[in-house]
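**Q** What follows is coords21.txt, compact mmCIF, C-alpha atoms.
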# COMPACT_ATOMS: atom_id res chain seq x y z
CA MET Q 521 16.06 16.76 7.08
CA PHE Q 522 16.68 17.20 3.42
CA HIS Q 523 18.45 20.49 2.85
CA GLN Q 524 19.38 22.75 0.01
CA HIS Q 525 21.68 21.03 -2.52
CA GLY Q 526 21.85 17.98 -0.27
CA PHE Q 527 19.99 14.88 0.76
CA LYS Q 528 20.35 14.37 4.51
CA TRP Q 529 17.95 12.72 6.95
CA SER Q 530 18.41 13.11 10.69
CA GLN Q 531 17.94 10.38 13.29
CA LYS Q 532 15.11 12.42 14.81
CA HIS Q 533 13.18 12.44 11.56
CA ARG Q 534 13.96 8.75 11.00
CA VAL Q 535 12.16 7.95 14.28
CA GLU Q 536 9.25 10.18 13.28
CA GLU Q 537 9.15 8.43 9.92
CA ARG Q 538 8.71 5.01 11.53
CA SER Q 539 5.69 6.13 13.55
CA ALA Q 540 4.01 8.71 11.33
CA LEU Q 541 4.23 6.76 8.09
CA MET Q 542 1.99 3.94 9.31
CA ILE Q 543 -1.02 6.20 9.87
CA PRO Q 544 -3.91 5.24 7.56
CA VAL Q 545 -4.31 7.61 4.63
CA ALA Q 546 -7.96 8.37 5.40
CA LYS Q 547 -7.13 9.39 8.97
CA ARG Q 548 -4.30 11.67 7.86
CA GLN Q 549 -6.52 13.32 5.28
CA ARG Q 550 -9.19 14.08 7.88
CA ALA Q 551 -6.60 15.51 10.25
CA ALA Q 552 -5.19 17.72 7.49
CA SER Q 553 -8.55 18.90 6.14
CA ASN Q 554 -7.94 22.44 7.44
CA ASN Q 555 -4.41 22.63 6.05
CA GLN Q 556 -5.17 22.63 2.32
CA PRO Q 557 -3.87 19.16 1.54
CA LYS Q 558 -2.26 18.45 -1.80
CA THR Q 559 -4.15 16.42 -4.34
CA ARG Q 560 -2.33 13.17 -5.11
CA MET Q 561 -2.34 11.53 -8.49
CA ASN Q 562 -2.52 7.75 -8.60
CA VAL Q 563 -0.49 6.42 -11.53
CA THR Q 564 -1.37 3.04 -13.00
CA LEU Q 565 0.80 1.44 -15.68
CA THR Q 566 -1.18 -0.25 -18.44
CA THR Q 567 -0.31 -1.90 -21.70
CA LYS Q 568 -2.33 0.65 -23.65
CA VAL Q 569 -0.13 2.81 -25.86
CA ALA Q 570 -0.84 6.50 -25.41
CA VAL Q 571 -0.05 9.27 -27.86
CA LYS Q 572 3.00 11.18 -26.61
CA HIS Q 573 4.11 14.67 -27.44
CA PRO Q 574 7.18 16.48 -26.12
CA ARG Q 575 6.36 19.08 -23.51
CA ILE Q 576 6.30 22.62 -24.88
CA SER Q 577 8.69 24.77 -22.89
CA THR Q 578 7.49 28.04 -21.39
CA GLU Q 579 9.61 31.19 -21.32
CA GLU Q 580 10.79 30.22 -17.86
CA THR Q 581 11.87 26.69 -18.85
CA GLN Q 582 13.63 27.91 -22.00
CA THR Q 583 16.38 29.34 -19.81
CA GLN Q 584 19.26 26.89 -19.72
CA PRO Q 585 19.35 25.19 -16.29
CA THR Q 586 22.36 24.77 -14.08
CA SER Q 587 23.70 21.33 -14.97
CA ARG Q 588 26.64 19.03 -14.40
CA SER Q 589 26.47 17.25 -17.74
CA ALA Q 590 24.51 16.90 -20.92
CA GLY Q 591 21.86 14.19 -21.02
CA CYS Q 592 19.83 11.88 -23.21
CA LYS Q 593 17.25 13.67 -25.36
CA TRP Q 594 13.92 11.91 -25.73
CA SER Q 595 13.26 10.47 -29.19
CA SER Q 596 9.78 11.20 -30.53
CA GLU Q 597 10.24 8.60 -33.29
CA ASN Q 598 11.61 5.79 -31.11
CA TRP Q 599 10.26 6.40 -27.63
CA SER Q 600 13.22 6.31 -25.28
CA CYS Q 601 12.12 7.68 -21.89
CA ALA Q 602 12.54 4.36 -20.00
CA TYR Q 603 16.06 3.95 -21.41
CA ASP Q 604 16.86 7.65 -20.88
CA SER Q 605 15.90 7.69 -17.19
CA THR Q 606 17.62 4.43 -16.22
CA PHE Q 607 20.74 5.29 -18.24
CA MET Q 608 21.08 8.67 -16.51
CA ILE Q 609 20.65 7.17 -13.03
CA PHE Q 610 23.25 4.48 -13.73
CA LEU Q 611 25.66 7.08 -15.11
CA TYR Q 612 25.44 9.43 -12.13
CA ILE Q 613 25.90 6.53 -9.71
CA TYR Q 614 28.90 5.27 -11.69
CA ARG Q 615 30.37 8.76 -11.94
CA SER Q 616 30.79 9.20 -8.18
CA ALA Q 617 31.51 5.56 -7.24
CA SER Q 618 34.83 4.17 -6.03
CA HIS Q 619 37.06 2.13 -8.32
CA THR Q 620 36.29 -1.06 -6.36
CA TRP Q 621 32.54 -0.46 -6.63
CA LYS Q 622 32.80 0.10 -10.38
CA THR Q 623 34.80 -3.10 -10.82
CA SER Q 624 32.28 -5.12 -8.82
CA TRP Q 625 29.29 -3.63 -10.63
CA ARG Q 626 30.76 -4.13 -14.10
CA ALA Q 627 31.54 -7.77 -13.30
CA GLY Q 628 27.83 -8.53 -12.84
CA CYS Q 629 25.29 -9.67 -15.38
CA GLY Q 630 23.07 -7.65 -17.68
CA ASN Q 631 25.75 -6.30 -20.05
CA ARG Q 632 27.08 -4.05 -17.30
CA GLU Q 633 30.63 -4.37 -18.59
CA GLN Q 634 29.58 -2.88 -21.95
CA LEU Q 635 27.60 -0.17 -20.18
CA GLY Q 636 30.67 0.68 -18.10
CA VAL Q 637 32.66 1.16 -21.31
CA LEU Q 638 30.05 3.68 -22.50
CA PHE Q 639 30.22 5.52 -19.19
CA GLU Q 640 34.01 5.72 -19.28
CA LYS Q 641 33.79 7.27 -22.73
CA LEU Q 642 31.34 9.92 -21.55
CA LEU Q 643 33.41 10.69 -18.45
CA SER Q 644 36.76 10.81 -20.27
CA SER Q 645 36.58 14.56 -20.97
CA ASN Q 646 34.39 17.61 -20.40
CA THR Q 647 33.78 17.76 -24.13
CA ASN Q 648 32.25 14.29 -24.07
CA LEU Q 649 30.42 14.94 -20.80
CA PHE Q 650 28.59 17.92 -22.30
CA SER Q 651 27.92 16.41 -25.73
CA GLN Q 652 24.22 15.73 -26.09
CA GLN Q 653 24.84 13.87 -29.36
CA LEU Q 654 27.29 11.50 -27.64
CA PHE Q 655 24.80 10.89 -24.83
CA ASP Q 656 22.14 9.94 -27.39
CA ALA Q 657 24.58 7.64 -29.19
CA CYS Q 658 25.52 5.88 -25.95
CA ARG Q 659 21.85 5.59 -24.97
CA ASP Q 660 21.10 3.98 -28.32
CA LYS Q 661 23.93 1.47 -27.82
CA PHE Q 662 22.39 0.69 -24.43
CA ARG Q 663 19.09 0.06 -26.22
CA ASP Q 664 20.83 -2.18 -28.74
CA LEU Q 665 22.24 -4.34 -25.93
CA LEU Q 666 18.83 -4.74 -24.32
CA ASN Q 667 17.08 -5.33 -27.63
CA ALA Q 668 19.56 -8.07 -28.55
CA HIS Q 669 18.73 -9.79 -25.25
CA ASP Q 670 14.92 -9.58 -25.61
CA PRO Q 671 13.51 -7.74 -28.63
CA ASN Q 672 9.92 -8.14 -27.45
CA THR Q 673 10.47 -6.63 -24.01
CA PHE Q 674 12.92 -3.99 -25.24
CA PRO Q 675 11.70 -2.71 -28.65
CA ARG Q 676 14.34 -0.77 -30.52
CA PHE Q 677 12.23 1.27 -32.94
CA GLY Q 678 8.83 2.89 -32.99
CA PRO Q 679 6.47 4.62 -30.53
CA HIS Q 680 6.46 1.87 -27.89
CA LEU Q 681 6.43 2.46 -24.14
CA THR Q 682 9.08 0.19 -22.61
CA SER Q 683 8.92 -0.91 -18.97
CA ALA Q 684 11.53 0.78 -16.78
CA SER Q 685 11.03 -2.06 -14.27
CA ALA Q 686 11.99 -4.62 -16.93
CA ILE Q 687 15.22 -2.72 -17.62
CA MET Q 688 16.09 -2.67 -13.92
CA GLU Q 689 15.23 -6.37 -13.49
CA TYR Q 690 17.61 -7.30 -16.30
CA MET Q 691 20.41 -5.06 -15.08
CA CYS Q 692 19.99 -5.80 -11.35
CA PRO Q 693 18.64 -9.30 -10.54
CA GLU Q 694 17.12 -9.85 -7.10
CA PRO Q 695 19.70 -11.19 -4.62
CA HIS Q 696 19.21 -14.38 -2.64
CA LEU Q 697 18.55 -14.27 1.08
CA HIS Q 698 19.92 -16.79 3.56
CA ILE Q 699 18.59 -18.43 6.70
CA ARG Q 700 20.73 -17.98 9.80
CA THR Q 701 20.18 -20.48 12.61
CA VAL Q 702 21.46 -19.50 16.04
CA VAL Q 703 21.77 -22.31 18.60
CA GLU Q 704 22.17 -20.98 22.11
CA SER Q 705 23.29 -22.74 25.28
CA ASN Q 706 25.02 -21.81 28.49
CA VAL Q 707 28.37 -22.42 26.85
CA TYR Q 708 28.34 -21.23 23.27
CA THR Q 709 26.43 -19.69 20.37
CA ASP Q 710 26.88 -21.37 17.01
CA GLU Q 711 25.80 -19.53 13.84
CA ILE Q 712 25.20 -21.42 10.62
CA GLY Q 713 23.31 -20.41 7.51
CA SER Q 714 21.82 -21.74 4.31
CA GLN Q 715 20.27 -20.29 1.21
CA SER Q 716 16.62 -19.42 1.65
CA PRO Q 717 14.03 -20.08 -1.06
CA LEU Q 718 13.30 -16.35 -0.85
CA ARG Q 719 14.84 -13.53 -2.79
CA LEU Q 720 14.86 -9.93 -1.63
CA PRO Q 721 11.67 -8.61 -3.28
CA SER Q 722 12.00 -5.86 -5.86
CA TYR Q 723 8.27 -5.05 -5.84
CA CYS Q 724 7.07 -3.51 -2.59
CA GLY Q 725 3.29 -3.74 -2.69
CA PRO Q 726 0.44 -4.57 -0.28
CA LEU Q 727 1.25 -6.52 2.89
CA HIS Q 728 -1.84 -8.69 3.23
CA TRP Q 729 -1.18 -9.48 6.90
CA LEU Q 730 -0.94 -5.83 7.97
CA ASP Q 731 -4.13 -4.86 9.78
CA VAL Q 732 -3.99 -1.19 8.86
CA PRO Q 733 -6.30 0.05 6.08
CA ASN Q 734 -4.55 1.79 3.19
CA PRO Q 735 -1.32 2.64 5.06
CA LEU Q 736 1.39 5.02 3.92
CA LEU Q 737 4.72 3.27 4.55
CA SER Q 738 8.29 4.34 4.01
CA LEU Q 739 10.36 1.75 2.16
CA GLN Q 740 12.44 1.10 5.30
CA VAL Q 741 9.33 0.38 7.39
CA TRP Q 742 7.94 -1.82 4.60
CA PHE Q 743 11.06 -4.03 4.66
CA GLU Q 744 11.13 -4.21 8.45
CA LEU Q 745 7.54 -5.49 8.39
CA TRP Q 746 8.37 -7.93 5.58
CA PHE Q 747 11.45 -9.38 7.30
CA SER Q 748 9.58 -9.69 10.59
CA TYR Q 749 6.68 -11.56 8.99
CA GLN Q 750 8.89 -13.95 7.03
CA THR Q 751 11.02 -14.67 10.11
CA ASP Q 752 7.96 -15.44 12.22
CA ARG Q 753 6.67 -17.85 9.59
CA LEU Q 754 10.07 -19.51 9.38
CA ASN Q 755 10.21 -20.15 13.11
CA GLU Q 756 6.62 -21.40 13.22
CA ARG Q 757 7.55 -24.13 10.73
CA ARG Q 758 10.77 -25.24 12.34
CA ASN Q 759 11.03 -28.81 13.61
CA HIS Q 760 10.35 -29.51 17.27
CA ASN Q 761 13.88 -30.87 17.74
CA THR Q 762 15.29 -27.40 17.24
CA PHE Q 763 14.23 -26.38 20.77
CA GLY Q 764 16.58 -23.77 22.15
CA SER Q 765 17.38 -22.30 18.76
CA ARG Q 766 15.98 -19.56 16.59
CA ALA Q 767 16.31 -18.59 12.97
CA ASP Q 768 16.21 -15.37 11.02
CA ILE Q 769 16.74 -14.22 7.45
CA ILE Q 770 19.78 -12.21 6.41
CA LEU Q 771 21.28 -10.66 3.30
CA THR Q 772 24.72 -12.06 2.50
CA ASN Q 773 27.18 -10.88 -0.14
CA PRO Q 774 25.15 -7.72 -0.78
CA PRO Q 775 25.18 -6.56 -4.40
CA PRO Q 776 26.55 -3.10 -5.23
CA LEU Q 777 23.14 -1.85 -6.36
CA LEU Q 778 19.50 -2.62 -5.57
CA PHE Q 779 16.22 -1.30 -6.98
CA PHE Q 780 12.66 -1.40 -5.68
CA GLU Q 781 9.37 -0.73 -7.39
CA LEU Q 782 7.00 1.16 -5.12
CA GLY Q 783 3.44 -0.02 -4.60
CA SER Q 784 0.83 2.71 -4.93
CA GLY Q 785 -2.90 2.34 -5.02
CA GLN Q 786 -5.92 1.24 -3.06
CA HIS Q 787 -4.23 -1.05 -0.50
CA VAL Q 788 -0.87 0.54 0.26
CA THR Q 789 1.33 3.48 -0.68
CA VAL Q 790 5.09 3.06 -0.30
CA ILE Q 791 7.34 6.11 -0.46
CA PRO Q 792 11.16 6.39 -0.71
CA SER Q 793 13.50 6.24 2.28
CA ASP Q 794 16.84 8.00 2.08
CA ALA Q 795 18.62 4.88 3.37
CA LEU Q 796 17.80 1.20 3.80
CA ASP Q 797 19.27 -1.07 6.47
CA PHE Q 798 19.15 -4.83 5.93
CA PRO Q 799 20.08 -7.57 8.44
CA CYS Q 800 23.39 -9.26 7.76
CA GLN Q 801 25.72 -11.65 9.59
CA ASN Q 802 27.16 -9.11 12.03
CA GLY Q 803 24.45 -6.48 12.23
CA THR Q 804 23.17 -4.45 9.32
CA VAL Q 805 24.27 -3.36 5.87
CA ARG Q 806 23.24 0.05 4.55
CA TYR Q 807 22.18 1.23 1.10
CA ARG Q 808 21.78 4.89 0.11
CA LEU Q 809 19.14 6.31 -2.21
CA LYS Q 810 20.80 7.53 -5.42
CA GLY Q 811 18.04 7.70 -8.00
CA ILE Q 812 14.27 7.70 -8.46
CA VAL Q 813 12.33 6.93 -11.65
CA TYR Q 814 8.97 8.69 -11.94
CA CYS Q 815 6.04 7.60 -14.07
CA GLY Q 816 2.91 9.31 -15.31
CA ARG Q 817 1.13 10.37 -18.50
CA ALA Q 818 2.95 7.68 -20.52
CA HIS Q 819 6.37 9.12 -19.70
CA PHE Q 820 9.32 8.40 -17.39
CA THR Q 821 11.49 11.04 -15.71
CA ALA Q 822 14.10 10.81 -12.95
CA ARG Q 823 15.68 12.41 -9.92
CA LEU Q 824 19.46 11.99 -9.65
CA ILE Q 825 20.87 12.13 -6.12
CA THR Q 826 24.54 12.83 -5.42
CA ASP Q 827 26.38 13.51 -2.18
CA ASP Q 828 25.92 17.27 -2.46
CA VAL Q 829 23.05 17.99 -4.87
CA THR Q 830 19.91 16.52 -6.34
CA LEU Q 831 19.09 16.94 -10.02
CA THR Q 832 15.84 16.48 -11.92
CA TYR Q 833 15.91 14.89 -15.35
CA ASP Q 834 13.34 14.88 -18.17
CA GLY Q 835 14.48 13.96 -21.67
CA GLN Q 836 11.70 16.08 -23.18
CA VAL Q 837 13.03 19.43 -21.93
CA HIS Q 838 16.36 21.31 -22.01
CA ASP Q 839 17.65 18.83 -24.65
CA GLY Q 840 17.85 16.26 -21.86
CA GLN Q 841 20.15 18.24 -19.54
CA PRO Q 842 19.66 17.41 -15.84
CA HIS Q 843 18.60 20.39 -13.75
CA VAL Q 844 20.14 21.07 -10.32
CA GLU Q 845 17.36 21.60 -7.79
CA ASP Q 846 17.72 24.90 -5.95
CA ILE Q 847 15.05 24.32 -3.32
CA SER Q 848 14.98 22.30 -0.13
CA ILE Q 849 13.07 19.03 -0.37
CA ASN Q 850 11.85 16.55 2.22
CA LEU Q 851 10.88 12.90 2.23
CA LEU Q 852 7.28 13.49 1.21
CA ASP Q 853 8.27 15.87 -1.60
CA VAL Q 854 10.25 13.20 -3.45
CA ARG Q 855 7.09 11.15 -3.94
CA GLU Q 856 6.31 13.27 -6.98
CA LEU Q 857 8.14 15.10 -9.74
CA ASP Q 858 6.20 17.41 -12.03
CA GLY Q 859 2.96 15.55 -11.32
CA ARG Q 860 4.42 12.06 -11.78
CA GLU Q 861 4.66 9.56 -8.93
CA ALA Q 862 7.81 7.83 -7.70
CA HIS Q 863 7.87 4.46 -9.44
CA ILE Q 864 11.34 2.93 -8.85
CA CYS Q 865 13.97 3.71 -6.21
CA VAL Q 866 17.62 2.85 -6.86
CA TYR Q 867 19.95 2.26 -3.91
CA VAL Q 868 23.72 1.88 -3.75
CA PHE Q 869 25.75 -0.10 -1.22
CA GLN Q 870 27.29 2.38 1.20
CA ASP Q 871 31.07 2.32 0.98
CA THR Q 872 33.21 1.38 3.95
CA PRO Q 873 34.98 4.15 5.92
CA SER Q 874 38.02 3.62 3.72
CA GLY Q 875 35.92 4.63 0.74
CA GLU Q 876 35.99 1.23 -0.96
CA TYR Q 877 33.10 -1.11 -1.75
CA SER Q 878 33.61 -4.26 0.33
CA PRO Q 879 30.72 -6.73 0.07
CA ASN Q 880 32.38 -9.36 2.26
CA SER Q 881 33.83 -7.10 4.94
CA SER Q 882 31.76 -8.59 7.78
CA LEU Q 883 29.63 -11.23 6.08
CA TYR Q 884 30.02 -14.97 5.79
CA TYR Q 885 27.89 -18.10 5.97
CA ILE Q 886 28.33 -21.87 6.12
CA ASP Q 887 26.06 -23.91 3.86
CA LEU Q 888 23.48 -26.06 5.63
CA THR Q 889 20.68 -27.80 3.74
CA LEU Q 890 17.24 -26.92 5.11
CA PRO Q 891 13.96 -27.99 3.48
CA SER Q 892 12.44 -25.16 1.50
CA SER Q 893 9.04 -26.10 3.00
CA GLN Q 894 10.15 -24.48 6.24
CA LEU Q 895 9.53 -21.08 4.69
CA ILE Q 896 6.61 -20.17 2.48
CA PRO Q 897 7.14 -16.96 0.52
Please render this file's structure as structure tokens.
**A**
Amino acid sequence: MFHQHGFKWSQKHRVEERSALMIPVAKRQRAASNNQPKTRMNVTLTTKVAVKHPRISTEETQTQPTSRSAGCKWSSENWSCAYDSTFMIFLYIYRSASHTWKTSWRAGCGNREQLGVLFEKLLSSNTNLFSQQLFDACRDKFRDLLNAHDPNTFPRFGPHLTSASAIMEYMCPEPHLHIRTVVESNVYTDEIGSQSPLRLPSYCGPLHWLDVPNPLLSLQVWFELWFSYQTDRLNERRNHNTFGSRADIILTNPPPLLFFELGSGQHVTVIPSDALDFPCQNGTVRYRLKGIVYCGRAHFTARLITDDVTLTYDGQVHDGQPHVEDISINLLDVRELDGREAHICVYVFQDTPSGEYSPNSSLYYIDLTLPSSQLIP
């Protein structure tokens, strides 16, 4: 289970997660009616601009929190919470990553090389790491990069609520999936693969084929159901001359970082998993949860997850300093932060035992052209 200053999830609870988290919401609520259930808040993003005001600190929150760095302070003139939250998650991931992971991540698209330069500046000394003014300056340079790419999606000035999902989509494009065909006989097994017309989805919403009303699904269970459905449809559409073979969908050349927007509403509720396993050429590849963006009341906040602690971040309090959580949390607790629902989960490729990011350690594929009509997204 999750424990104090840590973020661990046992195999026992992982099994319980797979069974318990597919129970319909209505049934769970009836079963818990005598246990004083918590009231959940459904958060819906709209294009309507709401009036925002910084939260007024109480006497308790005025005490400086335990922190491991300064942070980005929310700008009341040029709303910055979407940039603040994503910037802080990226920084804390980068801070604890291996050199190989950093090199791979910075080589990707979305101005990640320039963002890496900003991170190196912040991490170069304790003075820089605890300078709130430097954090704000680096955040603003991050905004400038995004604004130069798309000024309409990423407004630079004024009280405009920017989409945190749009920032993540630009920084972390969805990776391609591949089709693996396995031909079996009494003598040999031949594995060949081709690029699928599918990409790994970044939005995890309703599964229209799932015959369970309003289910509560962990992100891991959601992806297992999604992969299973797409694989079944692929095999249903295969040509008759492929008798004796089967096909499945795998993730090849996994990127160093993935993000997923959680569906929440009338038809499905998806909650974070501490780790995600995806099918690859020789088994599975694992990603670890390292950050969560929360949304509610026209404001974004974040939870930063390291190997030994979790920190909460809100640019409107403590001058943007992240706060080390001093209580034990579990999987259901991370759905919310200060009344806001989990909106985006950020996952990092788990390093190899040697401590180095190795995207091709056990993955390969041979190109084979297959008609895209064999698989309907």
**Q** Of the candidates Q:Lys661, Q:Arg700, Q:Lys593, Q:His728, which one gets nearest to Q:Asn755 if we count all atoms listed in the file?
**A** Q:Arg700
**Q** Considering only C-alpha atoms, state which residue in the set Q:Leu796, Q:Ile791, Q:Ile687, Q:Ala767 is at the smallest distance from Q:Val854.
**A**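 Checking each candidate against Q:Val854, we get Q:Ile791 as the closest.
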**Q** Using only C-alpha atoms, what table do you get, as a tab-separated table, when you list each residue of stretch 612-635 of chain Q with an atom no more than 12 Å from stretch 769-787 of chain Q, its nearest pair of atoms, and their distance in Å rounded to one decimal, rows by chain then rising number?
**A**
residue	atom	partner	partner_atom	distance
Q:Ile613	CA	Q:Leu777	CA	9.4
Q:Tyr614	CA	Q:Leu777	CA	10.6
Q:Ala617	CA	Q:Pro776	CA	10.2
Q:Ser618	CA	Q:Pro776	CA	11.0
Q:Thr620	CA	Q:Pro776	CA	10.0
Q:Trp621	CA	Q:Pro776	CA	6.7
Q:Lys622	CA	Q:Pro776	CA	8.7
Q:Thr623	CA	Q:Pro776	CA	10.0
Q:Ser624	CA	Q:Pro776	CA	7.1
Q:Trp625	CA	Q:Pro776	CA	6.1
Q:Arg626	CA	Q:Pro776	CA	9.9
Q:Ala627	CA	Q:Pro776	CA	10.6
Q:Gly628	CA	Q:Pro775	CA	9.1
Q:Cys629	CA	Q:Pro775	CA	11.4
Q:Arg632	CA	Q:Leu777	CA	11.8
**Q** Is there a way to get, as JSON, numbers by chain, all residues within 12 Å of the point (2.1, -1.4, -1.2) in file coordinates, counting all atoms listed in the file?
**A** {"Q": [542, 722, 723, 724, 725, 726, 727, 728, 729, 730, 732, 733, 734, 735, 736, 737, 738, 739, 741, 742, 743, 745, 746, 780, 781, 782, 783, 784, 785, 786, 787, 788, 789, 790, 791, 792, 863]}
**Q** Quick check, in Å to one decimal: how far apart do atom CA of Q:Ser645 and atom CA of Q:Asp846 lie?
**A** 26.2 Å
**Q** Fewer than 4 positions away in the same chain doesn't count, so skip those; otherwise give me all residues within 7 Å of stretch 818-825 of chain Q, counting all atoms listed in the file, as number ranges by chain.
**A** Q: 570, 601-602, 605, 609, 612, 810-814, 829-834
**Q** Output as a PDB file, in the coordinates of the input: stretch 618-641 of chain Q, completed with N, CA and C atoms.
**A**
ATOM      1  N   SER Q 618      33.422   4.529  -6.177  1.00  0.00           N
ATOM      2  CA  SER Q 618      34.830   4.170  -6.030  1.00  0.00           C
ATOM      3  C   SER Q 618      35.241   3.186  -7.122  1.00  0.00           C
ATOM      4  N   HIS Q 619      36.550   3.048  -7.304  1.00  0.00           N
ATOM      5  CA  HIS Q 619      37.060   2.130  -8.320  1.00  0.00           C
ATOM      6  C   HIS Q 619      36.634   0.686  -8.008  1.00  0.00           C
ATOM      7  N   THR Q 620      36.669   0.308  -6.732  1.00  0.00           N
ATOM      8  CA  THR Q 620      36.290  -1.060  -6.360  1.00  0.00           C
ATOM      9  C   THR Q 620      34.824  -1.305  -6.639  1.00  0.00           C
ATOM     10  N   TRP Q 621      33.981  -0.317  -6.343  1.00  0.00           N
ATOM     11  CA  TRP Q 621      32.540  -0.460  -6.630  1.00  0.00           C
ATOM     12  C   TRP Q 621      32.315  -0.638  -8.126  1.00  0.00           C
ATOM     13  N   LYS Q 622      32.970   0.195  -8.931  1.00  0.00           N
ATOM     14  CA  LYS Q 622      32.800   0.100 -10.380  1.00  0.00           C
ATOM     15  C   LYS Q 622      33.215  -1.278 -10.891  1.00  0.00           C
ATOM     16  N   THR Q 623      34.325  -1.787 -10.388  1.00  0.00           N
ATOM     17  CA  THR Q 623      34.800  -3.100 -10.820  1.00  0.00           C
ATOM     18  C   THR Q 623      33.803  -4.185 -10.464  1.00  0.00           C
ATOM     19  N   SER Q 624      33.264  -4.128  -9.251  1.00  0.00           N
ATOM     20  CA  SER Q 624      32.280  -5.120  -8.820  1.00  0.00           C
ATOM     21  C   SER Q 624      31.006  -5.024  -9.639  1.00  0.00           C
ATOM     22  N   TRP Q 625      30.540  -3.818  -9.876  1.00  0.00           N
ATOM     23  CA  TRP Q 625      29.290  -3.630 -10.630  1.00  0.00           C
ATOM     24  C   TRP Q 625      29.443  -4.087 -12.073  1.00  0.00           C
ATOM     25  N   ARG Q 626      30.554  -3.761 -12.702  1.00  0.00           N
ATOM     26  CA  ARG Q 626      30.760  -4.130 -14.100  1.00  0.00           C
ATOM     27  C   ARG Q 626      30.925  -5.632 -14.277  1.00  0.00           C
ATOM     28  N   ALA Q 627      31.340  -6.326 -13.210  1.00  0.00           N
ATOM     29  CA  ALA Q 627      31.540  -7.770 -13.300  1.00  0.00           C
ATOM     30  C   ALA Q 627      30.220  -8.537 -13.253  1.00  0.00           C
ATOM     31  N   GLY Q 628      29.113  -7.861 -12.940  1.00  0.00           N
ATOM     32  CA  GLY Q 628      27.830  -8.530 -12.840  1.00  0.00           C
ATOM     33  C   GLY Q 628      27.211  -8.811 -14.196  1.00  0.00           C
ATOM     34  N   CYS Q 629      25.979  -9.289 -14.146  1.00  0.00           N
ATOM     35  CA  CYS Q 629      25.290  -9.670 -15.380  1.00  0.00           C
ATOM     36  C   CYS Q 629      24.623  -8.449 -16.011  1.00  0.00           C
ATOM     37  N   GLY Q 630      23.843  -8.708 -17.054  1.00  0.00           N
ATOM     38  CA  GLY Q 630      23.070  -7.650 -17.680  1.00  0.00           C
ATOM     39  C   GLY Q 630      23.873  -6.687 -18.536  1.00  0.00           C
ATOM     40  N   ASN Q 631      24.948  -7.152 -19.166  1.00  0.00           N
ATOM     41  CA  ASN Q 631      25.750  -6.300 -20.050  1.00  0.00           C
ATOM     42  C   ASN Q 631      26.317  -5.073 -19.329  1.00  0.00           C
ATOM     43  N   ARG Q 632      26.584  -5.205 -18.045  1.00  0.00           N
ATOM     44  CA  ARG Q 632      27.080  -4.050 -17.300  1.00  0.00           C
ATOM     45  C   ARG Q 632      28.511  -3.700 -17.685  1.00  0.00           C
ATOM     46  N   GLU Q 633      29.279  -4.672 -18.145  1.00  0.00           N
ATOM     47  CA  GLU Q 633      30.630  -4.370 -18.590  1.00  0.00           C
ATOM     48  C   GLU Q 633      30.585  -3.436 -19.802  1.00  0.00           C
ATOM     49  N   GLN Q 634      29.706  -3.741 -20.772  1.00  0.00           N
ATOM     50  CA  GLN Q 634      29.580  -2.880 -21.950  1.00  0.00           C
ATOM     51  C   GLN Q 634      29.047  -1.504 -21.576  1.00  0.00           C
ATOM     52  N   LEU Q 635      28.130  -1.461 -20.615  1.00  0.00           N
ATOM     53  CA  LEU Q 635      27.600  -0.170 -20.180  1.00  0.00           C
ATOM     54  C   LEU Q 635      28.694   0.648 -19.499  1.00  0.00           C
ATOM     55  N   GLY Q 636      29.556  -0.016 -18.734  1.00  0.00           N
ATOM     56  CA  GLY Q 636      30.670   0.680 -18.100  1.00  0.00           C
ATOM     57  C   GLY Q 636      31.614   1.292 -19.123  1.00  0.00           C
ATOM     58  N   VAL Q 637      31.816   0.613 -20.240  1.00  0.00           N
ATOM     59  CA  VAL Q 637      32.660   1.160 -21.310  1.00  0.00           C
ATOM     60  C   VAL Q 637      32.053   2.449 -21.849  1.00  0.00           C
ATOM     61  N   LEU Q 638      30.738   2.469 -22.024  1.00  0.00           N
ATOM     62  CA  LEU Q 638      30.050   3.680 -22.500  1.00  0.00           C
ATOM     63  C   LEU Q 638      30.204   4.815 -21.493  1.00  0.00           C
ATOM     64  N   PHE Q 639      30.078   4.493 -20.213  1.00  0.00           N
ATOM     65  CA  PHE Q 639      30.220   5.520 -19.190  1.00  0.00           C
ATOM     66  C   PHE Q 639      31.632   6.088 -19.170  1.00  0.00           C
ATOM     67  N   GLU Q 640      32.629   5.237 -19.286  1.00  0.00           N
ATOM     68  CA  GLU Q 640      34.010   5.720 -19.280  1.00  0.00           C
ATOM     69  C   GLU Q 640      34.258   6.660 -20.454  1.00  0.00           C
ATOM     70  N   LYS Q 641      33.647   6.381 -21.584  1.00  0.00           N
ATOM     71  CA  LYS Q 641      33.790   7.270 -22.730  1.00  0.00           C
ATOM     72  C   LYS Q 641      33.186   8.632 -22.451  1.00  0.00           C
TER      73      LYS Q 641
END
